[in-house]
Structure formats: C-alpha cells, structure tokens
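Content type CSV, C-alpha atoms and all ligand atoms, from the file structure.csv:
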chain,number,residue,atom,x,y,z
A,1,MET,CA,17.9,12.9,25.5
A,2,SER,CA,18.5,13.3,21.8
A,3,THR,CA,17.1,16.6,20.3
A,4,LYS,CA,17.7,15.4,16.8
A,5,ARG,CA,14.9,16.3,14.5
A,6,GLN,CA,12.8,13.3,13.3
A,7,PRO,CA,11.3,14.4,9.9
A,8,GLY,CA,7.7,13.2,9.7
A,9,GLY,CA,7.7,12.3,13.3
A,10,SER,CA,9.1,9.2,15.0
A,11,SER,CA,8.0,5.6,14.2
A,12,THR,CA,9.6,2.2,14.6
A,13,LEU,CA,11.2,-0.2,12.3
A,14,ALA,CA,12.4,-3.6,13.5
A,15,GLY,CA,11.9,-2.3,17.0
A,16,ARG,CA,14.2,0.7,16.4
A,17,PRO,CA,13.1,4.3,16.4
A,18,VAL,CA,13.2,5.9,12.9
A,19,ALA,CA,12.0,9.1,11.4
A,20,ARG,CA,9.0,8.6,9.1
A,21,ILE,CA,10.8,10.2,6.3
A,22,GLY,CA,13.8,8.2,5.1
A,23,PHE,CA,15.8,8.0,1.9
A,24,GLY,CA,16.0,5.5,-1.0
A,25,ALA,CA,19.4,5.2,-2.5
A,26,MET,CA,18.4,3.8,-5.9
A,27,GLN,CA,18.8,7.1,-7.7
A,28,LEU,CA,22.4,7.6,-6.6
A,29,PRO,CA,24.2,5.4,-9.2
A,30,GLY,CA,24.7,6.7,-12.7
A,31,PRO,CA,22.2,6.9,-15.5
A,32,GLY,CA,19.7,4.1,-15.4
A,33,VAL,CA,20.8,3.2,-11.8
A,34,LEU,CA,23.9,1.7,-13.4
A,35,GLY,CA,27.5,2.6,-12.8
A,36,PRO,CA,29.2,5.3,-10.9
A,37,PRO,CA,27.2,8.4,-9.9
A,38,ARG,CA,27.2,11.3,-12.4
A,39,ASP,CA,28.8,13.4,-9.7
A,40,ARG,CA,30.3,11.4,-6.8
A,41,ALA,CA,30.7,14.5,-4.6
A,42,VAL,CA,27.0,15.3,-4.9
A,43,ALA,CA,26.0,11.7,-4.2
A,44,LEU,CA,28.0,11.7,-1.0
A,45,ALA,CA,26.6,15.1,-0.1
A,46,VAL,CA,23.0,13.8,-0.6
A,47,LEU,CA,23.7,11.0,1.9
A,48,ARG,CA,25.4,13.2,4.4
A,49,ARG,CA,22.7,15.9,4.2
A,50,ALA,CA,20.0,13.3,4.7
A,51,VAL,CA,21.6,12.2,8.0
A,52,GLU,CA,22.1,15.8,9.0
A,53,LEU,CA,18.4,16.5,8.4
A,54,GLY,CA,17.5,13.6,10.8
A,55,VAL,CA,17.0,10.8,8.2
A,56,ASN,CA,17.9,7.6,9.9
A,57,HIS,CA,16.4,5.0,7.6
A,58,ILE,CA,18.2,4.4,4.3
A,59,ASP,CA,17.1,1.8,1.7
A,60,THR,CA,19.7,0.2,-0.5
A,61,ALA,CA,20.5,-2.9,-2.5
A,62,GLU,CA,23.6,-4.6,-3.7
A,63,TYR,CA,22.2,-4.5,-7.2
A,64,TYR,CA,21.9,-0.7,-7.2
A,65,GLY,CA,24.8,0.1,-9.5
A,66,PRO,CA,25.5,-2.8,-8.9
A,67,LYS,CA,27.5,-2.3,-5.7
A,68,VAL,CA,27.6,1.5,-6.2
A,69,ALA,CA,24.8,2.6,-3.8
A,70,ASN,CA,26.3,0.4,-1.0
A,71,GLU,CA,29.8,1.7,-1.7
A,72,LEU,CA,28.6,5.4,-1.6
A,73,ILE,CA,26.7,4.8,1.7
A,74,HIS,CA,29.8,3.3,3.2
A,75,ALA,CA,32.0,6.1,1.9
A,76,ALA,CA,29.7,8.8,3.1
A,77,LEU,CA,28.5,7.6,6.4
A,78,HIS,CA,30.8,4.9,7.9
A,79,PRO,CA,31.3,4.7,10.8
A,80,TYR,CA,27.5,4.9,10.9
A,81,PRO,CA,25.5,7.0,13.3
A,82,GLN,CA,24.2,4.6,16.0
A,83,ASP,CA,20.6,5.4,15.2
A,84,LEU,CA,20.9,4.6,11.4
A,85,VAL,CA,18.8,1.8,10.2
A,86,LEU,CA,20.1,0.5,6.9
A,87,VAL,CA,17.8,-1.7,4.9
A,88,THR,CA,18.8,-3.9,1.9
A,89,LYS,CA,17.0,-6.3,-0.3
A,90,VAL,CA,17.9,-9.7,-1.8
A,91,GLY,CA,16.5,-11.7,-4.7
A,92,ALA,CA,18.5,-10.6,-7.7
A,93,GLU,CA,21.9,-9.6,-9.0
A,94,ARG,CA,23.0,-7.6,-12.0
A,95,ASP,CA,25.9,-8.5,-14.2
A,96,ARG,CA,28.5,-6.0,-15.5
A,97,GLN,CA,26.3,-5.1,-18.5
A,98,GLY,CA,23.4,-4.4,-16.1
A,99,SER,CA,21.3,-7.5,-17.1
A,100,TRP,CA,19.3,-9.0,-14.3
A,101,ILE,CA,20.2,-12.4,-12.9
A,102,LEU,CA,17.5,-13.7,-10.6
A,103,ALA,CA,18.8,-15.0,-7.3
A,104,GLN,CA,15.8,-16.3,-5.5
A,105,ARG,CA,17.2,-19.6,-4.2
A,106,PRO,CA,18.0,-19.8,-0.5
A,107,ALA,CA,21.7,-20.1,-1.1
A,108,GLU,CA,21.6,-17.1,-3.3
A,109,LEU,CA,19.7,-15.0,-0.7
A,110,ARG,CA,22.4,-15.9,1.8
A,111,ALA,CA,25.2,-15.0,-0.6
A,112,ALA,CA,23.5,-11.6,-1.3
A,113,VAL,CA,23.3,-10.9,2.5
A,114,GLU,CA,27.0,-11.7,2.8
A,115,ASP,CA,27.7,-9.3,-0.1
A,116,ASP,CA,25.7,-6.5,1.6
A,117,LEU,CA,27.5,-7.2,4.9
A,118,ARG,CA,30.9,-6.9,3.2
A,119,GLN,CA,30.1,-3.8,1.1
A,120,LEU,CA,28.4,-1.9,3.9
A,121,GLY,CA,31.0,-2.9,6.5
A,122,LEU,CA,28.4,-4.2,8.9
A,123,ASP,CA,28.3,-7.3,11.2
A,124,ARG,CA,24.5,-7.3,11.0
A,125,ILE,CA,22.1,-5.6,8.5
A,126,PRO,CA,19.2,-4.2,10.5
A,127,VAL,CA,16.6,-5.2,8.0
A,128,VAL,CA,16.7,-7.2,4.8
A,129,ASN,CA,13.8,-7.4,2.4
A,130,LEU,CA,13.1,-10.6,0.6
A,131,ARG,CA,12.4,-9.2,-2.9
A,132,ARG,CA,9.9,-11.6,-4.5
A,133,LEU,CA,8.7,-11.7,-8.1
A,134,ASP,CA,5.0,-12.2,-7.4
A,135,LEU,CA,3.6,-9.0,-8.8
A,136,GLY,CA,4.1,-10.1,-12.4
A,137,PRO,CA,3.4,-10.4,-15.4
A,138,GLY,CA,6.5,-9.6,-17.4
A,139,LEU,CA,9.7,-11.4,-16.8
A,140,GLN,CA,9.0,-14.1,-14.3
A,141,ALA,CA,10.9,-16.6,-12.4
A,142,GLU,CA,11.5,-19.8,-14.2
A,143,GLY,CA,13.0,-23.2,-13.5
A,144,ASP,CA,14.9,-23.3,-10.3
A,145,GLN,CA,14.2,-19.6,-9.7
A,146,ILE,CA,10.6,-20.5,-8.8
A,147,VAL,CA,11.1,-20.9,-5.1
A,148,ASP,CA,8.5,-21.6,-2.5
A,149,ILE,CA,8.3,-18.7,-0.1
A,150,ASP,CA,8.5,-21.0,2.9
A,151,ASP,CA,12.0,-22.2,1.8
A,152,GLN,CA,13.1,-18.6,1.3
A,153,LEU,CA,11.7,-17.5,4.7
A,154,ALA,CA,13.5,-20.4,6.4
A,155,GLU,CA,16.8,-19.1,5.0
A,156,MET,CA,15.9,-15.5,6.1
A,157,ILE,CA,15.0,-16.8,9.6
A,158,ALA,CA,18.3,-18.7,9.7
A,159,LEU,CA,20.2,-15.6,8.8
A,160,ARG,CA,18.3,-13.7,11.5
A,161,ASP,CA,19.0,-16.4,14.1
A,162,GLU,CA,22.7,-16.3,13.2
A,163,GLY,CA,22.6,-12.5,13.8
A,164,LYS,CA,23.6,-11.6,10.2
A,165,ILE,CA,20.3,-9.7,9.8
A,166,GLY,CA,18.3,-8.0,12.4
A,167,ALA,CA,14.9,-8.4,10.9
A,168,VAL,CA,13.1,-9.6,7.8
A,169,GLY,CA,11.0,-7.6,5.4
A,170,ILE,CA,9.3,-8.6,2.2
A,171,SER,CA,8.8,-6.8,-1.1
A,172,SER,CA,6.6,-7.0,-4.2
A,173,VAL,CA,4.1,-9.4,-2.8
A,174,PRO,CA,0.3,-9.6,-3.1
A,175,LEU,CA,-1.8,-10.1,-0.1
A,176,ASP,CA,-1.9,-13.9,-0.1
A,177,VAL,CA,1.9,-14.1,-0.1
A,178,LEU,CA,2.1,-11.5,2.7
A,179,ARG,CA,-0.3,-13.6,4.7
A,180,ARG,CA,1.9,-16.7,4.3
A,181,ALA,CA,4.9,-14.7,5.4
A,182,LEU,CA,3.4,-13.2,8.5
A,183,PRO,CA,4.4,-16.0,10.9
A,184,ALA,CA,8.1,-15.2,10.1
A,185,GLY,CA,7.7,-11.9,11.9
A,186,ILE,CA,7.8,-9.6,8.9
A,187,VAL,CA,8.7,-6.1,10.0
A,188,CYS,CA,8.0,-4.2,6.7
A,189,VAL,CA,6.5,-4.5,3.3
A,190,GLN,CA,7.9,-2.7,0.2
A,191,ASN,CA,5.4,-2.6,-2.6
A,192,ALA,CA,5.0,0.1,-5.3
A,193,TYR,CA,2.4,2.6,-4.0
A,194,SER,CA,1.6,6.3,-4.3
A,195,LEU,CA,-1.2,8.7,-4.7
A,196,LEU,CA,-1.4,7.6,-8.3
A,197,ASP,CA,-1.2,3.8,-7.7
A,198,ARG,CA,-3.4,2.6,-4.9
A,199,SER,CA,-3.7,-1.0,-6.2
A,200,GLN,CA,-2.0,-2.2,-3.0
A,201,GLU,CA,-4.4,-0.6,-0.6
A,202,GLU,CA,-5.7,-3.9,0.8
A,203,THR,CA,-2.1,-5.0,1.5
A,204,LEU,CA,-1.5,-1.7,3.2
A,205,ASP,CA,-4.6,-2.2,5.4
A,206,VAL,CA,-3.2,-5.6,6.6
A,207,CYS,CA,0.1,-4.1,7.4
A,208,THR,CA,-1.6,-1.4,9.4
A,209,ALA,CA,-3.7,-4.0,11.3
A,210,GLU,CA,-0.6,-6.2,11.9
A,211,GLY,CA,1.7,-3.3,13.0
A,212,ILE,CA,4.0,-3.8,10.1
A,213,ALA,CA,5.8,-0.8,8.5
A,214,TRP,CA,4.5,0.1,5.0
A,215,VAL,CA,7.5,1.4,3.0
A,216,PRO,CA,6.2,2.2,-0.5
A,217,PHE,CA,8.6,2.4,-3.4
A,218,PHE,CA,7.9,4.8,-6.2
A,219,PRO,CA,6.1,7.2,-3.8
A,220,LEU,CA,6.7,10.0,-6.5
A,221,GLY,CA,6.0,7.7,-9.5
A,222,SER,CA,9.6,6.7,-10.0
A,223,ALA,CA,12.3,8.0,-12.3
A,224,PHE,CA,11.3,5.8,-15.2
A,225,PRO,CA,10.0,7.5,-18.4
A,226,GLY,CA,6.4,6.6,-19.1
A,227,PHE,CA,5.4,6.2,-15.4
A,228,PRO,CA,2.9,8.8,-14.3
A,229,LYS,CA,4.6,11.3,-11.9
A,230,VAL,CA,2.7,12.3,-8.8
A,231,ALA,CA,4.0,15.9,-9.1
A,232,ASP,CA,2.4,16.2,-12.6
A,233,ASN,CA,-1.1,15.5,-11.4
A,234,ALA,CA,-3.4,18.5,-11.7
A,235,VAL,CA,-5.1,18.2,-8.3
A,236,VAL,CA,-1.7,17.8,-6.6
A,237,ALA,CA,-0.3,20.8,-8.4
A,238,GLU,CA,-3.4,22.9,-7.5
A,239,ILE,CA,-3.1,22.1,-3.8
A,240,ALA,CA,0.6,22.7,-3.8
A,241,GLY,CA,-0.1,26.2,-5.3
A,242,GLU,CA,-2.7,26.9,-2.6
A,243,LEU,CA,-0.3,25.9,0.2
A,244,GLY,CA,2.8,27.5,-1.3
A,245,VAL,CA,4.7,24.2,-1.3
A,246,THR,CA,5.9,21.9,-4.1
A,247,ALA,CA,3.8,19.3,-5.8
A,248,ALA,CA,6.3,16.6,-4.8
A,249,GLN,CA,5.8,17.6,-1.2
A,250,VAL,CA,2.0,17.4,-1.4
A,251,GLY,CA,2.3,13.9,-2.9
A,252,LEU,CA,4.6,12.7,-0.2
A,253,ALA,CA,2.6,14.4,2.6
A,254,TRP,CA,-0.5,12.6,1.3
A,255,VAL,CA,1.2,9.2,1.6
A,256,LEU,CA,2.4,10.1,5.1
A,257,ALA,CA,-1.0,11.2,6.2
A,258,HIS,CA,-2.8,8.3,4.6
A,259,ALA,CA,-1.6,5.6,7.0
A,260,PRO,CA,0.3,5.9,10.3
A,261,ASN,CA,2.6,2.9,9.7
A,262,THR,CA,3.9,4.5,6.4
A,263,LEU,CA,7.7,5.1,6.2
A,264,LEU,CA,8.8,7.1,3.2
A,265,ILE,CA,11.9,6.4,1.2
A,266,PRO,CA,11.8,8.8,-1.7
A,267,GLY,CA,14.8,8.6,-4.0
A,268,THR,CA,16.8,11.5,-5.4
A,269,ARG,CA,20.3,12.3,-6.6
A,270,SER,CA,19.8,16.0,-5.7
A,271,VAL,CA,20.4,17.8,-2.4
A,272,ALA,CA,17.7,20.3,-3.2
A,273,HIS,CA,15.1,17.6,-3.9
A,274,LEU,CA,16.2,15.8,-0.7
A,275,GLU,CA,15.7,18.9,1.3
A,276,GLU,CA,12.3,19.3,-0.3
A,277,ASN,CA,11.3,15.8,0.4
A,278,VAL,CA,12.3,16.0,4.0
A,279,GLY,CA,10.4,19.3,4.1
A,280,ALA,CA,7.2,17.3,3.2
A,281,ALA,CA,7.1,16.5,6.9
A,282,ASP,CA,6.0,20.1,7.5
A,283,VAL,CA,3.2,20.2,4.9
A,284,VAL,CA,-0.2,20.1,6.6
A,285,LEU,CA,-3.0,18.8,4.5
A,286,ASP,CA,-6.4,19.8,5.9
A,287,ALA,CA,-9.5,17.7,5.6
A,288,ASP,CA,-10.5,19.4,2.4
A,289,ALA,CA,-7.1,18.9,0.7
A,290,LEU,CA,-7.1,15.3,1.8
A,291,ALA,CA,-10.6,14.7,0.5
A,292,ARG,CA,-9.6,16.2,-2.9
A,293,LEU,CA,-6.4,14.2,-3.1
A,294,ASP,CA,-8.3,11.0,-2.1
A,295,THR,CA,-10.4,11.4,-5.3
A,296,VAL,CA,-7.3,11.4,-7.5
A,297,THR,CA,-7.4,7.6,-7.4
A,298,ALA,CA,-9.6,5.3,-5.5
A,299,PRO,CA,-8.2,2.2,-3.9
A,300,GLY,CA,-7.6,-0.3,-6.6
A,301,ASP,CA,-7.6,2.3,-9.3
A,302,GLY,CA,-4.7,4.0,-10.9
A,303,PRO,CA,-1.9,2.9,-13.2
A,304,ARG,CA,-0.3,-0.4,-12.2
A,305,LEU,CA,3.4,0.1,-11.7
A,306,HIS,CA,3.9,-3.5,-11.0
A,307,GLY,CA,4.8,-6.1,-13.4
A,308,THR,CA,6.4,-5.5,-16.7
A,309,GLU,CA,9.9,-6.4,-15.4
A,310,PRO,CA,10.9,-8.5,-12.5
A,311,PHE,CA,12.6,-5.6,-10.8
A,312,ARG,CA,11.5,-2.1,-11.3
A,313,GLU,CA,15.0,-0.8,-10.9
A,314,ALA,CA,15.7,-2.1,-14.4
A,315,PRO,CA,16.7,0.7,-16.7
A,316,THR,CA,14.3,1.5,-19.4
A,317,ALA,CA,16.7,3.5,-21.4
A,401,LIG,N1,11.6,-3.0,-3.1
A,401,LIG,C1,11.8,-2.7,-4.3
A,401,LIG,O1,11.7,-3.6,-5.2
A,401,LIG,C2,12.1,-1.4,-4.8
A,401,LIG,C3,11.9,-1.0,-6.1
A,401,LIG,C4,12.2,0.3,-6.5
A,401,LIG,C5,12.7,1.2,-5.6
A,401,LIG,N2,12.9,0.8,-4.3
A,401,LIG,C6,13.4,1.8,-3.3
A,401,LIG,O2,12.4,2.9,-3.2
A,401,LIG,C7,13.0,4.1,-3.4
A,401,LIG,C8,12.1,5.1,-4.0
A,401,LIG,O3,11.7,4.8,-5.3
A,401,LIG,P1,12.4,5.5,-6.6
A,401,LIG,O4,13.6,6.3,-6.2
A,401,LIG,O5,12.5,4.5,-7.6
A,401,LIG,O6,11.2,6.5,-7.0
A,401,LIG,P2,10.5,7.8,-6.4
A,401,LIG,O7,11.1,8.1,-5.1
A,401,LIG,O8,9.1,7.7,-6.6
A,401,LIG,O9,11.0,8.9,-7.5
A,401,LIG,C9,12.3,9.2,-7.8
A,401,LIG,C10,12.2,10.2,-8.9
A,401,LIG,O10,11.6,11.4,-8.4
A,401,LIG,C11,12.5,12.5,-8.6
A,401,LIG,N3,12.4,13.4,-7.4
A,401,LIG,C12,12.7,13.1,-6.2
A,401,LIG,N4,12.4,14.1,-5.3
A,401,LIG,C13,11.9,15.1,-6.1
A,401,LIG,C14,11.4,16.3,-5.9
A,401,LIG,N5,11.4,16.9,-4.7
A,401,LIG,N6,10.9,17.1,-6.9
A,401,LIG,C15,10.9,16.6,-8.2
A,401,LIG,N7,11.3,15.3,-8.5
A,401,LIG,C16,11.8,14.6,-7.5
A,401,LIG,C17,13.9,11.9,-8.7
A,401,LIG,O11,14.7,12.7,-9.6
A,401,LIG,P3,15.9,13.5,-9.0
A,401,LIG,O12,17.0,12.5,-8.7
A,401,LIG,O13,16.3,14.5,-10.1
A,401,LIG,O14,15.5,14.2,-7.7
A,401,LIG,C18,13.6,10.6,-9.4
A,401,LIG,O15,13.5,10.8,-10.8
A,401,LIG,C19,14.2,3.8,-4.2
A,401,LIG,O16,15.2,4.9,-4.2
A,401,LIG,C20,14.7,2.5,-3.7
A,401,LIG,O17,15.5,2.7,-2.5
A,401,LIG,C21,12.6,-0.4,-3.9
Since I need it in another form, could you write the structure as structure tokens?
Ligand SMILES: NC(=O)c1ccc[n+]([C@@H]2O[C@H](COP(=O)([O-])OP(=O)(O)OC[C@H]3O[C@@H](n4cnc5c(N)ncnc54)[C@H](OP(=O)(O)O)[C@@H]3O)[C@@H](O)[C@H]2O)c1
Amino acid sequence: MSTKRQPGGSSTLAGRPVARIGFGAMQLPGPGVLGPPRDRAVALAVLRRAVELGVNHIDTAEYYGPKVANELIHAALHPYPQDLVLVTKVGAERDRQGSWILAQRPAELRAAVEDDLRQLGLDRIPVVNLRRLDLGPGLQAEGDQIVDIDDQLAEMIALRDEGKIGAVGISSVPLDVLRRALPAGIVCVQNAYSLLDRSQEETLDVCTAEGIAWVPFFPLGSAFPGFPKVADNAVVAEIAGELGVTAAQVGLAWVLAHAPNTLLIPGTRSVAHLEENVGAADVVLDADALARLDTVTAPGDGPRLHGTEPFREAPTA
C-alpha cells in the first residue's frame, strides 16, 4: 500500500485517486504566461517538488506559453509517475505573438488534443476540459466559432471512445450549459471561483449533487493586475494572523473546506509558494473562522472574474 502523502486528503478525478491539492501550470511560462520561463531550472523544480509533496493532479494547456507549460511538464516529469493525472483544455490556440485564435470547432478540438498528446508524450490524456466561451461578455465567439455544445461534446466523446482522452471536463460554463453537458459524463468543471468570487455557487452545488469534481481556477484571485487578491482581504489576513499561517493558505483552506468535491489547482512559479499552497492542507479553520470567512462574500456576490476576455490566461500587460 502506498504511503505517499495526499495533500488535502484523497478524492477522485475520472475514477482515479487524486490528492485534493493539485497544481495549475499556467504561471510557469514567462511573463504574461507567454514564452520561456523566467528561470527554467526553477520551473522544473516547481513541478518536481509538487510531485514530491504528493501532488498528482496537474492542470495544463497547449496554449500556456504556448507549448511551454506542456514542454516543461514533459521535461520535468516524464516518464510520469503512475498516479499522475494530467489535465488539459481545448478551445483556443495562441499565435507566436500571443494573440488568441479561437478553436472551438470540433476538428479544432481534435487537433488540440493531438497537440497535447504529442507535447506531453502520452497515448491518452486522462482528462481534457472543453473550454467554452459562455461566460462572456468581452471577446466572444463569432461566425464559425459559435459552435453548439452538442457538436463539441460529440467530438469529445468520440475522442474518449477512441481512447485518446480518458474523460471529459468542461470549463467556463454557466449552469444551463453544464446541465446540457451532463449526459456526456462530465467529470469536472473548471470555472473561476474563490472566496472573493462566489458567483458560481449554484454551479458548484450542481457539481456536488452530481458527484462532479469542482476545480476552480483563480482560487487566489489570479496573477492579473486589477483582480482582487484573496490574500489581500482583511478578514483573510486577520484569520491568518490568528492561526499563524499565511493569508494565501487561509484562502485555499476555505475553498477546500467549502465543498467536498473541490480539487485545488493553485498556480505559482515559486517553490516556496508551492510548498505554502500544499501546506494549506494542514490549516484547520474552525466554525468561527469559517463563519467569518463566509461573510466576506455571499453566494452570487463578489467581483466577477468572468468575461472581459475569452480566456482569462490572456496577458493584460
Ligand atoms: N479553465 C480555464 O479556463 C483556466 C483559466 C485560468 C487558469 N486555469 C488554471 O487554473 C490555475 C490556477 O489559476 P491561476 O494560476 O491563474 O491563478 P491563482 O492560482 O488564483 O493565482 C496565481 C497567482 O497567485 C500567486 N500565488 C500563488 N501562490 C501564492 C502564495 N502562496 N502566496 C502568495 N501568492 C501566491 C502567484 O504568484 P507566484 O507565481 O509569484 O507564486 C500568481 O500570481 C492555473 O494555473 C491554470 O492551470 C484554468
């Protein structure tokens, strides 16, 4: 029996056991998530340290870099540990200048999966998220990039039937779109969500009821300037001070405690922050702390992180 630590405890994703604290690879490419990492050795060290600490769920995308995050994951971790669940997302590409090219059509989804397979050196990607553009406004799909979700899911299911992907997830969808996707056997939902942005609480509730993993992106408020940072919140900082832990840890511990089907994928380019984030697993928030944190934003309140760009990974500077 494995004695490997499971930070945050053990859960399942696509029928595979995963630790509840995972890692998001979006911060590894260079400034603005574009280009080579600022320090390649550090980026590789972050990935290796994550696995060493028991992280076995890593989120990536071909368009992080582009290609950079996937390449770093392959360089740092291949041949992959057997228990590692790599998760990618399809629905867009980036050109050499970093501009977004939407890629929502079924053939484009398939081509993106093929790219991920090649870049990651896999025969099958354990989970692929269909990254939709529903939580607009901002740049929106136009023309032939407005694709019916049924047509997209048919392609994702075909890829799953062919064994190229193990399971299908969905990202950036409101509740009605999630409901339409449920019959496809969705295993996870990635929407922006944190202590400061609880606008997706209803969608989370449906995931909980349906036994679908809730994998919020921006759990700390993202790296983008202008987005409220969870660690800057006064209540969060106060509780962190009382507990002798960091504010980021309190923010992550709240998300973890809030719903049992939550899997965290905080992003960082720093080994120290990675260790801190994994350490959030050991932060115990008592009923009083949880009640105070719950009042920071009520469900439906808080700044909306959705919608001014099609993909939140777009650099703002
Ligand atoms: N499905 C989607 O459309 C979608 C969209 C966006 C992101 N994602 C995924 O979700 C993951 C998480 O989102 P994210 O990385 O954008 O945002 P995030 O996890 O909310 O925040 C990342 C930011 O927090 C900082 N940070 C991390 N740990 C910290 C700590 N312990 N103390 C202080 N600051 C800390 C990072 O800076 P440092 O690097 O300096 O630590 C970075 O600036 C991504 O990495 C990506 O894999 C998915």
All residues having an atom within 8 Å of ligand LIG 401 (chain A) (only C-alpha atoms and all ligand atoms) as a PyMOL selection string | chain A and resi 23-28+58-61+89+129+131+171-172+190-192+194+216-224+229+231+246-249+265-270+272-277+311-313
Using all atoms listed in the file: which of A:Pro66, A:Arg124, A:Leu133, A:Ala234 has the shortest distance to Asp161 of chain A | A:Arg124
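Nearest residue to Asp150 of chain A, choosing from A:Val177, A:Leu53, A:Leu102, A:Ile21 and counting only C-alpha atoms: A:Val177.
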Neighbour list for Val235 of chain A as a list in words, cut-off 12 Å, only C-alpha atoms, skip fewer than 2 positions in-chain = Leu195, Leu196, Val230, Ala231, Asp232, Asn233, Ala237, Glu238, Ile239, Ala240, Gly241, Glu242, Ala247, Val250, Gly251, Ala289, Leu290, Ala291, Arg292, Leu293, Asp294, Thr295, Val296 and Thr297 of chain A
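For the residues A:Leu135, A:Leu256, A:Ile73, A:Ala213, ranking by smallest atom-to-atom distance to Gln200 of chain A using all atoms listed in the file places A:Leu135 first.
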Neighbours of Pro126 of chain A within 10 Å (only C-alpha atoms; same-chain residues fewer than 5 positions away dropped), as a list in words?
-> Leu13, Ala14, Gly15, Arg16, Leu84, Val85, Leu86, Val87, Thr88, Arg160, Gly163, Lys164, Ile165, Gly166, Ala167 and Val168 of chain A
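Computed from the coordinates, the atom CA of Gln145 of chain A to atom CA of Ile170 of chain A distance equals 16.9 Å.
Taking atom CA of Asp95 of chain A and atom CA of Glu108 of chain A as the two end points, the separation is 14.5 Å.
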In Å, how far is it from atom CA of Leu175 of chain A to atom CA of Glu202 of chain A?
-> 7.4 Å
